[in-house]
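Asker: Contents of work_18.txt (compact mmCIF, C-alpha atoms) are below:
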```txt
# COMPACT_ATOMS: atom_id res chain seq x y z
CA MET V 28 0.00 0.00 0.00
CA THR V 29 1.43 3.40 -0.94
CA ALA V 30 1.72 6.40 1.34
CA THR V 31 -0.90 8.36 -0.59
CA ALA V 32 -3.43 5.55 -0.32
CA THR V 33 -2.87 5.42 3.43
CA THR V 34 -3.34 9.15 3.94
CA GLU V 35 -6.46 9.27 1.77
CA LYS V 36 -8.10 6.48 3.77
CA GLN V 37 -9.17 8.11 7.03
CA GLY V 38 -11.36 6.64 9.72
CA ARG V 39 -14.53 8.20 11.05
CA TYR V 40 -12.67 9.66 14.03
CA SER V 41 -9.41 10.72 12.42
CA GLY V 42 -8.55 14.08 10.96
CA ARG V 43 -9.79 17.57 11.69
CA MET V 44 -12.99 19.52 11.01
CA SER V 45 -13.48 23.26 10.61
CA ARG V 46 -15.97 25.26 12.67
CA TYR V 47 -18.15 25.88 9.64
CA ASP V 48 -18.46 22.18 8.78
CA PHE V 49 -19.07 21.36 12.45
CA TRP V 50 -21.96 23.80 12.84
CA MET V 51 -23.48 22.93 9.45
CA ARG V 52 -23.81 19.36 10.69
CA MET V 53 -24.58 19.92 14.38
CA ILE V 54 -27.30 22.57 14.10
CA PRO V 55 -29.70 20.62 11.82
CA THR V 56 -29.04 17.39 13.72
CA ASN V 57 -29.69 19.07 17.10
CA VAL V 58 -32.88 20.70 15.82
CA LEU V 59 -34.18 17.42 14.38
CA PHE V 60 -33.45 15.34 17.46
CA GLY V 61 -34.52 18.11 19.85
CA LEU V 62 -37.91 18.55 18.20
CA THR V 63 -38.47 14.80 18.07
CA ILE V 64 -37.67 14.42 21.76
CA ARG V 65 -39.92 17.38 22.68
CA LEU V 66 -42.83 15.90 20.71
CA ILE V 67 -42.41 12.53 22.42
CA ASP V 68 -42.15 14.24 25.80
CA HIS V 69 -45.29 16.28 25.15
CA TYR V 70 -47.28 13.26 23.93
CA TYR V 71 -46.47 11.14 26.98
CA GLY V 72 -46.87 14.15 29.29
CA VAL V 73 -50.46 14.60 28.08
CA LEU V 74 -51.15 10.90 28.66
CA ILE V 75 -49.71 11.06 32.18
CA GLU V 76 -51.73 14.15 33.03
CA LYS V 77 -54.96 12.68 31.65
CA GLU V 78 -54.65 9.45 33.66
CA THR V 79 -53.30 10.87 36.91
CA THR V 80 -55.49 13.98 37.28
CA PRO V 81 -58.53 12.10 38.68
CA LEU V 82 -56.36 10.28 41.25
CA ILE V 83 -54.65 13.51 42.29
CA GLN V 84 -58.00 15.28 42.72
CA GLU V 85 -59.39 12.37 44.72
CA LEU V 86 -56.34 12.35 47.00
CA GLU V 87 -56.48 16.13 47.49
CA THR V 88 -60.15 16.21 48.40
CA SER V 89 -60.53 13.11 50.54
CA ALA V 90 -57.06 12.16 51.83
CA GLU V 91 -57.85 13.55 55.30
CA HIS V 92 -60.87 11.24 55.67
CA MET V 93 -59.24 8.08 54.26
CA GLN V 94 -57.46 5.39 56.16
CA PRO V 95 -53.65 5.65 55.90
CA GLU V 96 -53.44 2.29 54.09
CA LEU V 97 -55.88 3.51 51.41
CA VAL V 98 -53.94 6.76 50.96
CA GLU V 99 -50.73 4.78 50.59
CA GLU V 100 -52.37 2.47 48.03
CA LYS V 101 -53.71 5.36 45.97
CA THR V 102 -50.35 7.12 46.09
CA TRP V 103 -48.68 3.93 44.89
CA ASN V 104 -51.23 3.65 42.06
CA LEU V 105 -50.50 7.25 41.11
CA LEU V 106 -46.78 6.52 40.94
CA MET V 107 -47.37 3.37 38.86
CA LEU V 108 -49.60 5.28 36.42
CA THR V 109 -46.89 7.91 36.05
CA TYR V 110 -44.18 5.34 35.36
CA LYS V 111 -46.47 3.43 32.98
CA HIS V 112 -46.02 6.27 30.47
CA LEU V 113 -42.73 7.68 31.70
CA LEU V 114 -40.72 4.51 31.02
CA PRO V 115 -41.68 4.17 27.33
CA SER V 116 -41.02 7.88 26.86
CA LEU V 117 -37.58 7.62 28.43
CA GLY V 118 -36.87 4.44 26.46
CA ILE V 119 -37.57 6.16 23.15
CA GLN V 120 -35.61 9.24 24.25
CA THR V 121 -32.68 7.02 25.28
CA LEU V 122 -32.65 5.34 21.87
CA LEU V 123 -32.74 8.74 20.16
CA MET V 124 -29.93 10.00 22.40
CA VAL V 125 -27.78 6.97 21.61
CA LEU V 126 -28.45 7.49 17.90
CA PHE V 127 -27.51 11.18 18.25
CA ILE V 128 -24.29 10.26 20.07
CA ILE V 129 -23.38 7.74 17.35
CA ILE V 130 -24.06 10.24 14.57
CA SER V 131 -22.40 13.29 16.15
CA SER V 132 -19.41 11.74 17.90
CA PRO V 133 -17.09 11.77 14.83
CA TRP V 134 -17.86 15.44 14.24
CA VAL V 135 -17.10 16.45 17.81
CA VAL V 136 -13.94 14.33 17.96
CA LYS V 137 -12.66 15.81 14.68
CA ARG V 138 -13.51 19.31 15.91
CA MET V 139 -11.60 18.63 19.12
CA HIS V 140 -8.66 17.43 17.04
CA ASP V 141 -8.85 20.71 15.12
CA ILE V 142 -8.43 22.76 18.30
CA GLY V 143 -5.61 20.50 19.50
CA MET V 144 -7.41 18.36 22.07
CA SER V 145 -7.72 14.61 22.34
CA GLY V 146 -11.05 13.17 21.25
CA ASN V 147 -11.29 11.31 24.56
CA TRP V 148 -12.65 14.48 26.19
CA TYR V 149 -15.85 13.77 24.29
CA LEU V 150 -16.60 10.99 26.78
CA LEU V 151 -17.38 13.68 29.40
CA TRP V 152 -20.20 14.90 27.19
CA VAL V 153 -21.48 11.35 26.70
CA PHE V 154 -21.52 10.79 30.47
CA ALA V 155 -23.36 14.10 30.96
CA GLN V 156 -26.02 12.95 28.47
CA LEU V 157 -26.41 9.61 30.23
CA GLY V 158 -26.69 11.43 33.57
CA LEU V 159 -29.33 13.69 32.05
CA LEU V 160 -31.38 10.66 31.01
CA SER V 161 -31.08 9.04 34.43
CA MET V 162 -32.19 12.29 36.10
CA GLY V 163 -35.27 12.25 33.87
CA LEU V 164 -36.08 8.76 35.10
CA LEU V 165 -35.57 9.68 38.76
CA ALA V 166 -37.34 13.07 38.63
CA PRO V 167 -40.71 11.87 40.03
CA ILE V 168 -39.20 10.22 43.11
CA VAL V 169 -35.90 12.03 43.85
CA PRO V 170 -35.91 15.60 45.10
CA PHE V 171 -33.75 18.01 43.07
CA ALA V 172 -33.33 15.52 40.19
CA ASP V 173 -34.70 18.11 37.80
CA VAL V 174 -32.15 20.68 39.03
CA VAL V 175 -29.27 18.25 38.55
CA GLY V 176 -30.63 17.36 35.10
CA MET V 177 -30.76 21.04 34.15
CA LEU V 178 -27.17 21.56 35.31
CA LEU V 179 -26.01 18.56 33.24
CA TYR V 180 -27.94 19.95 30.25
CA ILE V 181 -26.25 23.35 30.61
CA LEU V 182 -22.77 21.82 31.04
CA SER V 183 -23.13 19.59 27.97
CA GLY V 184 -24.38 22.57 25.94
CA LEU V 185 -21.40 24.66 27.07
CA PHE V 186 -19.03 21.87 26.07
CA ILE V 187 -20.40 21.75 22.53
CA LEU V 188 -20.49 25.54 22.33
CA ILE V 189 -16.85 25.93 23.40
CA CYS V 190 -15.82 23.13 21.08
CA GLY V 191 -17.57 24.85 18.18
CA ILE V 192 -16.41 28.41 18.91
CA LYS V 193 -12.69 27.96 19.49
CA ASP V 194 -10.60 28.66 16.39
CA SER V 195 -8.58 26.02 14.55
CA GLN V 196 -4.93 25.54 15.37
CA TYR V 197 -2.96 27.45 12.81
CA MET V 198 -0.32 24.84 12.15
CA PRO V 199 -0.74 21.14 11.40
CA ASN V 200 -0.88 19.00 14.51
CA CYS V 201 -0.64 15.27 15.13
CA TYR V 202 -4.21 14.86 13.81
CA GLY V 203 -3.52 16.39 10.41
CA GLU V 204 -3.42 19.69 8.59
CA SER V 205 -5.69 22.56 9.52
CA PRO V 206 -8.81 22.56 7.34
CA LYS V 207 -8.93 26.34 7.64
CA TYR V 208 -5.28 27.38 7.25
CA ALA V 209 -3.73 24.52 5.25
CA LYS V 210 -4.53 26.21 1.97
CA PHE V 211 -2.43 29.24 2.95
CA TYR V 212 0.70 27.71 4.44
CA LYS V 213 2.41 24.37 4.46
CA LEU V 214 4.15 24.31 7.82
CA PRO V 215 5.98 21.54 9.70
CA GLN V 216 3.86 19.27 11.89
CA ILE V 217 3.73 19.92 15.66
CA PRO V 218 4.82 16.80 17.56
CA ARG V 219 2.25 15.20 19.85
CA GLN V 220 2.71 16.11 23.50
```
Show me the file's structure as structure tokens.
Answerer:
Amino acid sequence: MTATATTEKQGRYSGRMSRYDFWMRMIPTNVLFGLTIRLIDHYYGVLIEKETTPLIQELETSAEHMQPELVEEKTWNLLMLTYKHLLPSLGIQTLLMVLFIIISSPWVVKRMHDIGMSGNWYLLWVFAQLGLLSMGLLAPIVPFADVVGMLLYILSGLFILICGIKDSQYMPNCYGESPKYAKFYKLPQIPRQ
């Protein structure tokens, strides 16, 4: 195999990507997946509200006059009705999130290579997304789960924003030539640190 054939054959995670290419791929993908997840969330939220509203009203009006065992049973039924629709919603959202991670991970890794960072830092974002999903599952029973989920959402958004805003390294690095500046200068490669 010749040297030119080796350099032309790049893997999904090798090389560098410019900011423009990164945003032209990430923005439509984020919008598509975000809208799909919001529609699924809204659909199951309406189902949960429709089925749990009568139980909530019954508990609010007559909980003082009921026996404690009956109140506990109705509260348990309310929780089961909530999870009956919450689990399929979170299952679909988890599948969509995994699909989004599979689709977008090469772009983020290549963008990180372009700014001189290792692609392994992307795993922090993946763990934040998984934490966000688990907080959605625990929200009905764990206090402050929604706050932790919102913090993870903000941190993962900041990671992608910083990754997409920082300018390319001017010179070639161990991941390849700069997609932005390579057309202007052919400079020696920076050794990997």
Asker: Extract, using all atoms listed in the file, all DNA, RNA and protein residues at most 9 Å from segment 79-95 of chain V, discarding same-chain residues fewer than 6 positions from it, and format them as a short mmCIF file (atom, residue, chain, number, x, y, z; two decimals) with C-alpha atoms, in the coordinates of the input.
Answerer:
```
data_model
loop_
_atom_site.label_atom_id
_atom_site.label_comp_id
_atom_site.auth_asym_id
_atom_site.auth_seq_id
_atom_site.Cartn_x
_atom_site.Cartn_y
_atom_site.Cartn_z
CA LYS V 101 -53.71 5.36 45.97
CA THR V 102 -50.35 7.12 46.09
CA ASN V 104 -51.23 3.65 42.06
CA LEU V 105 -50.50 7.25 41.11
CA LEU V 106 -46.78 6.52 40.94
CA LEU V 108 -49.60 5.28 36.42
CA THR V 109 -46.89 7.91 36.05
#
```
Asker: Using only C-alpha atoms, which residue out of V:Ile54, V:Leu185, V:Ile75, V:Leu157 lies closest to Ile128 of chain V?
Answerer: V:Leu157
Asker: So which one's closest to Gln120 of chain V, V:Phe60, V:Gly143, V:Trp152, V:Leu74? Using only C-alpha atoms, please.
Answerer: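 Comparing V:Phe60, V:Gly143, V:Trp152, V:Leu74 against Gln120 of chain V, the winner is V:Phe60.
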Asker: With distances taken over only C-alpha atoms, which residue among V:Asp141, V:Glu78, V:Asp173, V:Glu204 lies nearest Ser45 of chain V?
Answerer: V:Asp141
Asker: I'd like the interatomic distance between atom CA of Tyr47 of chain V and atom CA of Asp194 of chain V, to a tenth of an Å.
Answerer: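 One can read the atom CA of Tyr47 of chain V to atom CA of Asp194 of chain V distance as 10.5 Å.
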Asker: So which residues are close to (-39.6, 13.9, 21.1), meaning at most 12 Å away in the file's coordinates with all atoms listed in the file counted, and can you show them as a ChimeraX atom specification?
Answerer: /V:57-72,115-124
